[in-house]
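Peer 1: My file is structure13.tsv. It has TSV, C-alpha atoms:
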```tsv
chain	number	residue	atom	x	y	z
A	29	MET	CA	64.50	98.99	96.77
A	30	SER	CA	67.02	98.29	99.52
A	31	ILE	CA	67.39	94.90	101.14
A	32	SER	CA	65.31	94.50	104.28
A	33	THR	CA	66.85	93.94	107.70
A	34	THR	CA	65.18	90.52	107.83
A	35	SER	CA	66.72	89.44	104.53
A	36	PHE	CA	70.15	90.80	105.40
A	37	THR	CA	70.12	89.06	108.76
A	38	PHE	CA	69.11	85.75	107.19
A	39	VAL	CA	71.89	85.91	104.60
A	40	ARG	CA	74.41	87.09	107.16
A	41	GLU	CA	73.64	84.15	109.48
A	42	LEU	CA	73.67	81.68	106.60
A	43	VAL	CA	77.04	82.87	105.31
A	44	ARG	CA	78.52	82.96	108.80
A	45	ALA	CA	77.36	79.42	109.55
A	46	GLU	CA	78.60	78.02	106.26
A	47	SER	CA	81.82	79.93	105.71
A	48	ALA	CA	82.79	81.75	108.93
A	49	ILE	CA	82.76	84.96	106.90
A	50	VAL	CA	81.05	87.76	108.79
A	51	LEU	CA	79.13	90.32	106.74
A	52	GLU	CA	79.27	93.46	108.84
A	53	PRO	CA	76.45	96.03	108.84
A	54	GLY	CA	77.17	98.31	105.89
A	55	LYS	CA	77.67	95.34	103.57
A	56	GLU	CA	73.99	95.35	102.60
A	57	TYR	CA	74.91	96.70	99.19
A	58	LEU	CA	77.28	93.78	98.63
A	59	VAL	CA	74.60	91.25	99.55
A	60	GLU	CA	72.12	92.94	97.29
A	61	ALA	CA	74.53	93.25	94.36
A	62	ARG	CA	75.52	89.59	94.57
A	63	LEU	CA	71.97	88.26	95.01
A	64	VAL	CA	70.16	90.29	92.35
A	65	PRO	CA	71.33	87.95	89.52
A	66	LEU	CA	70.18	84.88	91.52
A	67	ALA	CA	66.81	86.50	92.28
A	68	ARG	CA	66.30	87.33	88.62
A	69	ARG	CA	67.30	83.88	87.49
A	70	GLY	CA	64.71	82.43	89.87
A	71	GLY	CA	62.02	84.77	88.53
A	72	HIS	CA	61.59	86.65	91.81
A	73	ALA	CA	60.44	90.25	92.00
A	74	GLY	CA	63.47	91.27	94.03
A	75	VAL	CA	66.10	90.19	96.53
A	76	ASP	CA	63.68	90.22	99.47
A	77	ALA	CA	61.24	87.93	97.69
A	78	TYR	CA	64.10	85.62	96.75
A	79	VAL	CA	65.46	85.48	100.30
A	80	ALA	CA	61.98	84.89	101.73
A	81	ASP	CA	61.60	81.96	99.35
A	82	LEU	CA	65.03	80.60	100.32
A	83	ALA	CA	64.18	80.85	104.00
A	84	ALA	CA	60.89	79.02	103.49
A	85	ARG	CA	62.27	76.18	101.37
A	86	ARG	CA	65.82	75.85	102.76
A	87	ASN	CA	66.88	73.90	99.71
A	88	PRO	CA	70.57	73.02	100.32
A	89	ALA	CA	71.58	73.56	96.68
A	90	ASP	CA	70.05	77.07	96.62
A	91	LEU	CA	71.59	77.96	99.97
A	92	LYS	CA	74.99	76.86	98.66
A	93	LEU	CA	74.60	79.15	95.66
A	94	VAL	CA	74.01	82.10	97.98
A	95	VAL	CA	77.07	81.28	100.10
A	96	GLU	CA	79.22	80.96	96.98
A	97	ALA	CA	77.90	84.24	95.57
A	98	LEU	CA	78.90	86.02	98.78
A	99	THR	CA	82.29	84.36	99.30
A	100	THR	CA	83.71	84.46	95.81
A	101	ASN	CA	87.09	86.13	95.86
A	102	GLU	CA	86.81	89.83	95.41
A	103	THR	CA	89.61	91.53	93.59
A	104	SER	CA	89.32	95.12	94.77
A	105	TRP	CA	92.26	97.43	95.27
A	106	PHE	CA	92.96	98.29	98.92
A	107	ARG	CA	90.43	95.63	99.78
A	108	ASP	CA	88.59	96.43	103.05
A	109	GLY	CA	90.53	99.70	103.39
A	110	ASP	CA	91.36	99.54	107.09
A	111	PRO	CA	94.34	97.11	106.89
A	112	PHE	CA	96.07	99.46	104.45
A	113	THR	CA	95.41	102.46	106.68
A	114	ALA	CA	96.90	100.43	109.55
A	115	LEU	CA	99.97	99.65	107.42
A	116	ARG	CA	100.53	103.31	106.57
A	117	GLU	CA	99.74	104.78	109.97
A	118	SER	CA	101.14	102.26	112.43
A	119	VAL	CA	102.83	99.12	111.05
A	120	PHE	CA	105.22	100.70	108.54
A	121	PRO	CA	106.19	103.60	110.86
A	122	ALA	CA	106.90	101.10	113.69
A	123	LEU	CA	109.09	98.99	111.41
A	124	ALA	CA	110.85	102.12	110.12
A	125	ARG	CA	112.11	102.73	113.67
A	126	ASN	CA	113.62	99.25	113.92
A	127	ARG	CA	115.17	98.40	110.58
A	128	PRO	CA	118.63	99.95	110.19
A	129	SER	CA	118.91	98.17	106.82
A	130	ARG	CA	116.13	100.47	105.51
A	131	THR	CA	114.55	97.40	103.91
A	132	ILE	CA	111.18	95.87	104.76
A	133	ARG	CA	110.35	92.35	103.63
A	134	VAL	CA	106.69	91.67	102.80
A	135	TRP	CA	104.95	88.46	101.75
A	136	ALA	CA	101.53	88.56	100.09
A	137	ALA	CA	100.65	84.90	100.51
A	138	ALA	CA	97.57	84.57	98.27
A	139	CYS	CA	98.08	87.36	95.81
A	140	SER	CA	95.50	86.32	93.18
A	141	SER	CA	95.69	88.75	90.23
A	142	GLY	CA	98.06	91.11	92.03
A	143	GLN	CA	95.84	93.83	93.49
A	144	GLU	CA	97.01	93.11	97.03
A	145	PRO	CA	100.82	93.24	96.60
A	146	TYR	CA	100.52	96.31	94.39
A	147	SER	CA	98.20	97.99	96.92
A	148	ILE	CA	100.80	97.28	99.65
A	149	LEU	CA	103.57	98.85	97.56
A	150	MET	CA	101.43	101.92	96.81
A	151	THR	CA	100.72	102.22	100.54
A	152	ALA	CA	104.47	102.05	101.27
A	153	GLN	CA	105.03	104.90	98.82
A	154	ASP	CA	102.42	106.94	100.68
A	155	THR	CA	104.18	106.36	104.03
A	156	PRO	CA	106.49	109.34	104.69
A	157	GLU	CA	108.65	107.33	107.12
A	158	LEU	CA	109.60	104.96	104.28
A	159	ALA	CA	110.86	107.57	101.83
A	160	GLY	CA	113.98	106.10	100.23
A	161	TRP	CA	113.39	102.63	101.73
A	162	LYS	CA	113.34	99.37	99.85
A	163	ILE	CA	110.32	97.09	100.00
A	164	ASP	CA	111.33	93.54	99.24
A	165	MET	CA	108.00	92.01	98.16
A	166	LEU	CA	107.27	88.34	97.56
A	167	ALA	CA	103.83	87.56	96.13
A	168	THR	CA	102.70	83.95	95.90
A	169	ASP	CA	99.62	82.13	94.76
A	170	LEU	CA	98.58	78.57	94.09
A	171	SER	CA	97.44	79.42	90.57
A	172	GLN	CA	100.03	79.93	87.85
A	173	GLU	CA	97.37	81.62	85.73
A	174	MET	CA	96.75	84.20	88.46
A	175	LEU	CA	100.50	84.74	88.88
A	176	ASP	CA	100.88	85.37	85.14
A	177	ARG	CA	98.08	87.95	85.30
A	178	ALA	CA	99.58	89.59	88.38
A	179	ARG	CA	103.03	89.75	86.79
A	180	ALA	CA	101.61	91.30	83.60
A	181	GLY	CA	100.05	94.02	85.77
A	182	GLN	CA	97.39	94.73	83.20
A	183	TYR	CA	93.86	95.50	84.36
A	184	SER	CA	90.58	96.18	82.61
A	185	GLN	CA	88.57	99.35	83.02
A	186	LEU	CA	86.12	97.48	85.24
A	187	GLU	CA	88.96	96.25	87.45
A	188	VAL	CA	90.49	99.68	87.99
A	189	ASN	CA	87.06	101.05	88.87
A	190	ARG	CA	87.06	98.73	91.90
A	191	GLY	CA	88.22	100.58	94.99
A	192	LEU	CA	91.10	102.42	93.36
A	193	PRO	CA	91.10	106.16	94.09
A	194	ALA	CA	91.40	108.23	90.89
A	195	THR	CA	94.53	109.98	92.17
A	196	THR	CA	96.18	106.58	92.69
A	197	LEU	CA	95.10	105.40	89.25
A	198	VAL	CA	96.73	108.29	87.42
A	199	ARG	CA	99.83	108.09	89.58
A	200	HIS	CA	100.59	104.39	89.29
A	201	PHE	CA	99.03	103.27	85.99
A	202	ARG	CA	99.28	104.08	82.29
A	203	ARG	CA	96.63	103.53	79.66
A	204	ASP	CA	97.45	100.59	77.43
A	205	GLY	CA	94.82	100.27	74.71
A	206	LEU	CA	91.56	99.50	76.47
A	207	ASN	CA	93.37	98.42	79.64
A	208	TRP	CA	95.49	100.02	82.30
A	209	LYS	CA	99.04	98.83	82.99
A	210	ILE	CA	100.71	99.20	86.34
A	211	ASP	CA	103.87	101.32	86.56
A	212	PRO	CA	106.72	98.95	85.52
A	213	ALA	CA	108.89	100.32	88.33
A	214	LEU	CA	106.27	99.15	90.83
A	215	ALA	CA	105.87	95.76	89.14
A	216	ALA	CA	109.65	95.29	89.17
A	217	GLN	CA	109.61	95.44	92.98
A	218	VAL	CA	107.56	92.26	93.23
A	219	GLN	CA	108.92	88.76	92.99
A	220	PHE	CA	106.09	86.41	91.98
A	221	ARG	CA	106.34	82.73	92.83
A	222	GLN	CA	103.97	79.77	92.82
A	223	LEU	CA	103.41	78.36	96.29
A	224	ASN	CA	100.97	75.92	97.86
A	225	LEU	CA	100.33	76.96	101.45
A	226	VAL	CA	99.53	73.44	102.60
A	227	ARG	CA	102.98	72.14	101.61
A	228	PRO	CA	106.26	72.95	103.42
A	229	PHE	CA	107.46	76.42	102.45
A	230	PRO	CA	110.65	76.71	100.35
A	231	PRO	CA	113.50	78.76	101.86
A	232	MET	CA	112.23	82.34	101.85
A	233	GLY	CA	114.01	84.12	104.71
A	234	ARG	CA	112.11	86.13	107.33
A	235	PHE	CA	109.32	88.61	106.68
A	236	ASP	CA	108.43	91.79	108.52
A	237	VAL	CA	104.86	91.81	107.19
A	238	VAL	CA	102.74	88.90	105.97
A	239	PHE	CA	99.36	89.30	104.28
A	240	LEU	CA	97.44	86.03	104.58
A	241	ARG	CA	93.95	87.38	104.05
A	242	ASN	CA	90.80	85.47	103.21
A	243	VAL	CA	92.60	82.23	102.54
A	244	LEU	CA	92.59	80.34	105.87
A	245	ILE	CA	88.79	80.24	105.65
A	246	TYR	CA	89.12	77.60	102.96
A	247	PHE	CA	91.03	75.13	105.20
A	248	ASP	CA	90.05	72.86	108.07
A	249	LEU	CA	91.28	73.54	111.60
A	250	ALA	CA	94.32	71.24	111.48
A	251	THR	CA	95.50	72.79	108.22
A	252	LYS	CA	94.95	76.33	109.51
A	253	ARG	CA	96.99	75.48	112.61
A	254	ASP	CA	99.80	73.99	110.53
A	255	ILE	CA	99.92	77.00	108.18
A	256	LEU	CA	99.95	79.52	111.03
A	257	HIS	CA	102.71	77.54	112.76
A	258	ARG	CA	104.85	77.58	109.61
A	259	VAL	CA	104.14	81.29	109.01
A	260	ARG	CA	105.62	81.93	112.48
A	261	GLN	CA	108.82	80.27	111.32
A	262	VAL	CA	109.24	82.69	108.42
A	263	MET	CA	108.20	85.76	110.43
A	264	ALA	CA	110.61	88.25	111.98
A	265	PRO	CA	110.14	88.13	115.79
A	266	ASP	CA	108.58	91.62	115.72
A	267	GLY	CA	106.72	91.00	112.44
A	268	HIS	CA	103.08	91.72	111.66
A	269	LEU	CA	100.55	89.27	110.24
A	270	PHE	CA	97.36	90.46	108.54
A	271	LEU	CA	94.40	88.07	108.29
A	272	GLY	CA	90.99	88.57	106.71
A	273	ALA	CA	88.27	90.22	108.77
A	274	ALA	CA	86.56	86.85	109.31
A	275	GLU	CA	89.74	85.04	110.35
A	276	MET	CA	91.52	84.78	113.67
A	277	THR	CA	94.32	82.86	115.35
A	278	MET	CA	92.50	82.37	118.66
A	279	GLY	CA	91.84	78.70	119.25
A	280	VAL	CA	93.89	77.86	116.15
A	281	ASP	CA	97.44	78.85	117.04
A	282	ASP	CA	97.62	80.70	120.35
A	283	ALA	CA	101.27	81.65	119.90
A	284	TRP	CA	99.85	84.71	118.12
A	285	GLU	CA	98.25	87.67	119.80
A	286	ARG	CA	95.82	90.11	118.26
A	287	VAL	CA	96.93	93.73	118.51
A	288	PRO	CA	94.73	96.70	117.53
A	289	ALA	CA	96.12	98.76	114.65
A	290	GLY	CA	93.90	101.73	113.88
A	291	ARG	CA	90.42	100.46	112.98
A	292	SER	CA	91.95	97.13	112.01
A	293	SER	CA	94.03	94.59	113.91
A	294	VAL	CA	97.21	92.67	113.25
A	295	TYR	CA	98.66	89.52	114.73
A	296	ARG	CA	102.06	89.40	116.41
A	297	ILE	CA	103.99	86.49	117.83
A	298	ARG	CA	103.60	86.58	121.61
A	299	GLU	CA	106.70	87.84	123.41
A	300	GLU	CA	107.26	84.53	125.25
A	301	GLN	CA	106.99	82.58	122.00
A	302	ARG	CA	109.47	84.65	120.04
A	303	THR	CA	112.54	82.82	121.37
A	304	CYS	CA	110.90	79.46	120.60
A	305	VAL	CA	110.75	80.21	116.89
A	306	PRO	CA	113.40	78.04	115.22
B	8	MET	CA	71.57	113.21	102.40
B	9	ARG	CA	71.07	114.73	99.02
B	10	ALA	CA	72.86	113.90	95.76
B	11	LEU	CA	72.82	115.80	92.48
B	12	ILE	CA	73.14	113.85	89.24
B	13	VAL	CA	74.27	115.90	86.27
B	14	ASP	CA	73.94	113.96	83.01
B	15	ASP	CA	72.26	114.66	79.70
B	16	SER	CA	71.16	111.02	79.45
B	17	ARG	CA	67.88	110.41	81.22
B	18	VAL	CA	68.63	106.68	81.31
B	19	MET	CA	71.96	107.25	83.02
B	20	ARG	CA	70.36	109.67	85.51
B	21	ARG	CA	67.82	106.98	86.32
B	22	ILE	CA	70.48	104.24	86.77
B	23	VAL	CA	72.73	106.33	89.01
B	24	GLY	CA	69.72	107.81	90.80
B	25	LYS	CA	68.30	104.39	91.63
B	26	LEU	CA	71.63	103.18	93.04
B	27	LEU	CA	71.95	106.29	95.19
B	28	GLU	CA	68.35	106.13	96.39
B	29	GLU	CA	68.91	102.52	97.42
B	30	VAL	CA	71.62	103.62	99.84
B	31	GLY	CA	69.44	106.38	101.24
B	32	TYR	CA	70.08	109.47	99.15
B	33	ASP	CA	67.48	112.01	98.05
B	34	VAL	CA	68.28	112.57	94.41
B	35	VAL	CA	67.96	115.74	92.37
B	36	GLU	CA	68.77	115.82	88.67
B	37	ALA	CA	70.08	118.22	86.07
B	38	GLY	CA	70.53	117.68	82.32
B	39	ASP	CA	73.65	119.81	81.91
B	40	GLY	CA	76.10	121.94	83.87
B	41	ALA	CA	74.13	125.18	83.56
B	42	GLU	CA	70.97	123.51	84.82
B	43	ALA	CA	73.02	122.04	87.70
B	44	VAL	CA	74.32	125.50	88.64
B	45	ALA	CA	70.70	126.71	88.72
B	46	VAL	CA	69.75	123.75	90.93
B	47	LEU	CA	72.55	124.58	93.38
B	48	GLU	CA	71.66	128.27	93.39
B	49	GLY	CA	68.06	127.40	94.19
B	50	SER	CA	68.87	124.78	96.84
B	51	ALA	CA	67.82	125.31	100.41
B	52	GLU	CA	69.82	122.16	101.23
B	53	LEU	CA	73.02	121.66	99.25
B	54	PRO	CA	73.76	118.15	98.02
B	55	VAL	CA	76.73	116.47	99.69
B	56	LEU	CA	77.57	114.72	96.43
B	57	ALA	CA	77.36	115.57	92.73
B	58	CYS	CA	77.86	112.85	90.09
B	59	VAL	CA	78.88	114.70	86.95
B	60	ASP	CA	79.03	113.54	83.34
B	61	TRP	CA	81.69	115.16	81.15
B	62	ASN	CA	80.11	115.66	77.73
B	63	MET	CA	76.86	117.60	77.93
B	64	PRO	CA	75.29	120.43	75.94
B	65	VAL	CA	75.22	124.06	77.17
B	66	MET	CA	77.80	123.56	79.96
B	67	ASP	CA	80.03	120.50	80.12
B	68	GLY	CA	80.97	118.67	83.30
B	69	LEU	CA	84.51	119.99	83.56
B	70	THR	CA	83.27	123.60	83.35
B	71	PHE	CA	80.64	122.79	85.98
B	72	VAL	CA	83.30	121.35	88.32
B	73	GLY	CA	85.35	124.53	87.87
B	74	GLU	CA	82.27	126.66	88.57
B	75	VAL	CA	81.48	124.78	91.80
B	76	ARG	CA	85.07	125.08	92.98
B	77	ARG	CA	85.02	128.84	92.23
B	78	ARG	CA	82.13	129.38	94.66
B	79	PRO	CA	83.22	129.11	98.33
B	80	GLU	CA	79.61	128.61	99.45
B	81	TRP	CA	79.56	125.30	97.52
B	82	ARG	CA	82.83	123.98	98.97
B	83	SER	CA	81.00	121.24	100.89
B	84	VAL	CA	79.83	119.53	97.67
B	85	THR	CA	81.90	116.44	96.83
B	86	LEU	CA	82.32	116.09	93.08
B	87	MET	CA	82.63	112.77	91.28
B	88	MET	CA	82.96	112.61	87.52
B	89	VAL	CA	80.94	109.72	86.06
B	90	THR	CA	81.85	109.57	82.40
B	91	THR	CA	82.94	107.52	79.41
B	92	GLU	CA	85.99	109.78	79.07
B	93	SER	CA	88.77	107.42	80.10
B	94	GLU	CA	92.04	108.92	78.92
B	95	GLN	CA	94.61	109.46	81.63
B	96	GLU	CA	95.06	113.15	80.72
B	97	GLN	CA	91.34	113.74	81.15
B	98	ILE	CA	91.29	112.17	84.60
B	99	VAL	CA	94.24	114.38	85.56
B	100	ARG	CA	92.43	117.46	84.18
B	101	ALA	CA	89.27	116.68	86.11
B	102	LEU	CA	91.18	116.15	89.37
B	103	ALA	CA	93.12	119.36	88.78
B	104	ALA	CA	89.85	121.22	88.19
B	105	GLY	CA	88.62	120.06	91.58
B	106	ALA	CA	86.86	116.72	91.10
B	107	HIS	CA	87.37	114.44	94.13
B	108	GLU	CA	86.78	111.12	92.37
B	109	TYR	CA	86.37	109.72	88.89
B	110	LEU	CA	84.28	106.75	87.83
B	111	ILE	CA	84.52	105.53	84.26
B	112	LYS	CA	81.44	104.25	82.42
B	113	PRO	CA	80.52	101.48	82.12
B	114	PHE	CA	80.63	100.59	85.80
B	115	THR	CA	78.94	98.11	88.10
B	116	GLY	CA	76.69	99.19	90.96
B	117	GLU	CA	79.26	97.78	93.37
B	118	ALA	CA	81.99	99.97	91.84
B	119	LEU	CA	79.87	103.11	92.33
B	120	LEU	CA	79.21	102.20	95.95
B	121	GLU	CA	82.90	101.45	96.54
B	122	LYS	CA	83.71	104.93	95.25
B	123	LEU	CA	81.17	106.39	97.72
B	124	ASP	CA	82.87	104.32	100.43
B	125	LEU	CA	86.26	105.82	99.46
B	126	LEU	CA	84.74	109.29	99.75
B	127	GLY	CA	83.19	108.49	103.13
B	128	LEU	CA	79.73	109.02	101.63
B	129	LEU	CA	78.27	105.54	101.91
B	130	PRO	CA	75.65	105.43	104.65
B	131	ALA	CA	75.09	102.07	106.39
B	132	ARG	CA	71.58	101.03	105.66
B	133	THR	CA	68.91	98.44	105.85
B	134	GLY	CA	65.38	98.77	104.61
B	135	SER	CA	62.53	98.79	107.05
B	136	GLY	CA	60.31	96.25	105.31
B	137	ALA	CA	60.38	92.50	105.63
```
Output the file's structure as structure tokens, nothing else.
Peer 2:
Amino acid sequence: MSISTTSFTFVRELVRAESAIVLEPGKEYLVEARLVPLARRGGHAGVDAYVADLAARRNPADLKLVVEALTTNETSWFRDGDPFTALRESVFPALARNRPSRTIRVWAAACSSGQEPYSILMTAQDTPELAGWKIDMLATDLSQEMLDRARAGQYSQLEVNRGLPATTLVRHFRRDGLNWKIDPALAAQVQFRQLNLVRPFPPMGRFDVVFLRNVLIYFDLATKRDILHRVRQVMAPDGHLFLGAAEMTMGVDDAWERVPAGRSSVYRIREEQRTCVP
Amino acid sequence: MRALIVDDSRVMRRIVGKLLEEVGYDVVEAGDGAEAVAVLEGSAELPVLACVDWNMPVMDGLTFVGEVRRRPEWRSVTLMMVTTESEQEQIVRALAAGAHEYLIKPFTGEALLEKLDLLGLLPARTGSGA
């Protein structure tokens, strides 16, 4: 049984109102997969019956459970797909034309258990224009536990099933008992460091690419504005910022402009603001 | 869109079949590779996707993948191994034989659908009922 349009629309509006995360059409399977356990726990026949009950009662505690189920951090490889296609097809080739040092500096600013920085490095290896280039990758997270996991580069069978093409799995991982371990040469390219985005950044130099995806959604407007302002200060003038699909700079820090990149979009510092960056 | 599930376990065929039907596939089943070849030979409409177990009686999944790849008229069928075989060498063998993707059991429904997404075979959907 697939989720009905009515149920999907209700959940989509609820999640958008509560979290600013937009569930695009096509994400019905995600909604269904995340809500089935809640429906079962409540003794409902299916997701539609559960959602109908939610809509009738509007019990705040139950609604919160739904929002949490849909906004819990996902840890897929190449999460959302399009940003990585944009990196390979437009962002990296553009940088390759403008970096005589043949080095690109990347910051994955909320790296969780490491899937994002490793996905970026794999994408760089698949970019012909970057053959022989160095990717200087900094990956930070608030959680030391997550950083330890990311540094170990060891993933369960269930984790490597998530969004990782089989060709990429056999190319960049080795079996290690029941788990899979990332190629040590790839792991050695990443510098992991604990960092709290709401505090002043330590000296880090300038970055050509910053991934700050699905993290601003957790902060209030003033904090978002402050973080985006400080990211500008560590960004190369022609650098590229990636945000989550539900996040934007408009109305938060208008020194950024949104630029289409394939089916995705990136944020660049507006031309007239570039000289103002300290 | 039609999908073929090739697995000697009826339970597994039902699990994968249900997930595929939920995203809009018509599902046909076969209990081993030889039966799957017969299904393809008798198909007026070829499946766009075949989910193939490895270890089966009569004809195993790897042999079936090789057989499909040998027949130009079946080139349009996307092949995904869905198996407990999880050694790196086996994944490499399956890809070399012509499998497009590889999903290791056990897997979550979300993981299966993400693989379909990677293959460009995940239709957007909503049900029609309320």
Peer 1: List every residue of chain B that has an atom at most 10 Å from any atom of chain A, and for each one report the closest atom pair and its distance in Å to one decimal, counting all atoms listed in the file, with rows sorted by chain and then by increasing residue number, as a Markdown table.
Peer 2:
```
| residue | atom | partner | partner_atom | distance |
| --- | --- | --- | --- | --- |
| B:Lys25 | CA | A:Met29 | CA | 8.4 |
| B:Leu26 | CA | A:Met29 | CA | 9.1 |
| B:Glu28 | CA | A:Met29 | CA | 8.1 |
| B:Glu29 | CA | A:Ser30 | CA | 5.1 |
| B:Val30 | CA | A:Ser30 | CA | 7.0 |
| B:Gly31 | CA | A:Ser30 | CA | 8.6 |
| B:Met87 | CA | A:Ala194 | CA | 9.9 |
| B:Ser93 | CA | A:Gln185 | CA | 8.6 |
| B:Glu94 | CA | A:Arg203 | CA | 7.1 |
| B:Gln95 | CA | A:Val198 | CA | 6.3 |
| B:Glu96 | CA | A:Val198 | CA | 8.4 |
| B:Gln97 | CA | A:Val198 | CA | 9.9 |
| B:Ile98 | CA | A:Val198 | CA | 7.3 |
| B:Val99 | CA | A:Val198 | CA | 6.8 |
| B:Ala101 | CA | A:Ala194 | CA | 9.9 |
| B:Leu102 | CA | A:Thr195 | CA | 7.6 |
| B:Ala106 | CA | A:Ala194 | CA | 9.6 |
| B:His107 | CA | A:Ala194 | CA | 8.1 |
| B:Glu108 | CA | A:Ala194 | CA | 5.6 |
| B:Tyr109 | CA | A:Ala194 | CA | 5.6 |
| B:Leu110 | CA | A:Asn189 | CA | 6.4 |
| B:Ile111 | CA | A:Asn189 | CA | 6.9 |
| B:Lys112 | CA | A:Gln185 | CA | 8.7 |
| B:Pro113 | CA | A:Leu186 | CA | 7.6 |
| B:Phe114 | CA | A:Leu186 | CA | 6.3 |
| B:Thr115 | CA | A:Leu186 | CA | 7.8 |
| B:Gly116 | CA | A:Ala61 | CA | 7.2 |
| B:Glu117 | CA | A:Ala61 | CA | 6.6 |
| B:Ala118 | CA | A:Arg190 | CA | 5.2 |
| B:Leu119 | CA | A:Asn189 | CA | 8.2 |
| B:Leu120 | CA | A:Tyr57 | CA | 7.7 |
| B:Glu121 | CA | A:Gly191 | CA | 5.6 |
| B:Lys122 | CA | A:Gly191 | CA | 6.3 |
| B:Leu123 | CA | A:Gly191 | CA | 9.5 |
| B:Asp124 | CA | A:Gly191 | CA | 8.5 |
| B:Leu125 | CA | A:Gly191 | CA | 7.2 |
| B:Leu126 | CA | A:Pro193 | CA | 9.1 |
| B:Leu129 | CA | A:Gly54 | CA | 8.3 |
| B:Pro130 | CA | A:Gly54 | CA | 7.4 |
| B:Ala131 | CA | A:Gly54 | CA | 4.3 |
| B:Arg132 | CA | A:Gly54 | CA | 6.2 |
| B:Thr133 | CA | A:Thr33 | CA | 5.3 |
| B:Gly134 | CA | A:Ser32 | CA | 4.3 |
| B:Ser135 | CA | A:Ser32 | CA | 5.8 |
| B:Gly136 | CA | A:Ser32 | CA | 5.4 |
| B:Ala137 | CA | A:Ser32 | CA | 5.5 |
```
Peer 1: Could you check which of B:Asp14, B:Glu42, B:Glu52, B:Asp60 is closest to Thr91 in chain B, using all atoms listed in the file?
Peer 2: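 Using all atoms listed in the file, the shortest distance to Thr91 in chain B belongs to B:Asp60.
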Peer 1: Between CA of Gln153 in chain A and CA of Lys209 in chain A, measure the distance and give it in Å to one decimal.
Peer 2: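 Taking CA of Gln153 in chain A and CA of Lys209 in chain A, their separation equals 18.0 Å.
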Peer 1: Identify which of the residues B:Tyr32, B:Val89, B:Ala51, B:Glu74 lies closest to Val13 in chain B, counting only C-alpha atoms when measuring atom-to-atom distances.
Peer 2: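 Once distances to Val13 in chain B are computed over only C-alpha atoms, the minimum belongs to B:Val89.
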Peer 1: Around (100.2, 102.2, 101.0) in the file's own coordinates, what residues are found within 12 Å if you use all atoms listed in the file, given back as JSON, numbers by chain?
Peer 2: {"A": [105, 106, 107, 109, 110, 111, 112, 113, 114, 115, 116, 117, 118, 119, 120, 121, 144, 145, 146, 147, 148, 149, 150, 151, 152, 153, 154, 155, 156, 157, 158, 159, 163, 192, 196, 200]}
Peer 1: I need the residue nearest Arg133 in chain A from this list: A:Val39, A:Val75, A:Ala216, A:Val262. Use all atoms listed in the file for the distance.
Peer 2: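 Ranking A:Val39, A:Val75, A:Ala216, A:Val262 by distance to Arg133 in chain A, first place goes to A:Val262.
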Peer 1: CA of Ile297 in chain A to CA of Pro265 in chain A: how many Å, to one decimal?
Peer 2: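 CA of Pro265 in chain A lies at a distance of 6.7 Å from CA of Ile297 in chain A.
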Peer 1: Any idea what's packed within 10 Å of Arg221 in chain A, counting only C-alpha atoms, ignoring anything in its chain fewer than 2 positions away? Could you give it as an MDAnalysis selection string?
Peer 2: chainID A and resid 137 139 166:172 175:176 179 218:219 223
Peer 1: Find the distance between CA of Arg241 in chain A and CA of Phe270 in chain A and write it in Å to one decimal.
Peer 2: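 Pair CA of Arg241 in chain A / CA of Phe270 in chain A returns 6.4 Å.
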Peer 1: Would you please work out which residue, of B:Leu27, B:Ile22, B:Val59, B:Ala41, is nearest to Arg9 in chain B when using only C-alpha atoms?
Peer 2: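 Smallest distance to Arg9 in chain B is found for B:Leu27.
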Peer 1: Using all atoms of range 109-115 of chain B listed in the file and a margin of 5 Å per side, can you give the axis-aligned box centre and edge lengths in Å to one decimal, as lines of an AutoDock Vina configuration file?
Peer 2:
```
center_x = 82.7
center_y = 103.9
center_z = 85.5
size_x = 17.4
size_y = 21.6
size_z = 16.8
```
Peer 1: Using all atoms listed in the file, can you list as a PyMOL selection string the residues within 12 Å of (71.6, 127.3, 93.2)?
Peer 2: chain B and resi 11+37+40-54+74-75+78+80-81
Peer 1: Determine the nearest neighbour of Leu56 in chain B from the options B:Asp39, B:Ala104, B:Pro79, B:Gly24, counting only C-alpha atoms.
Peer 2: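 Among the listed residues, the smallest separation from Leu56 in chain B belongs to B:Gly24.
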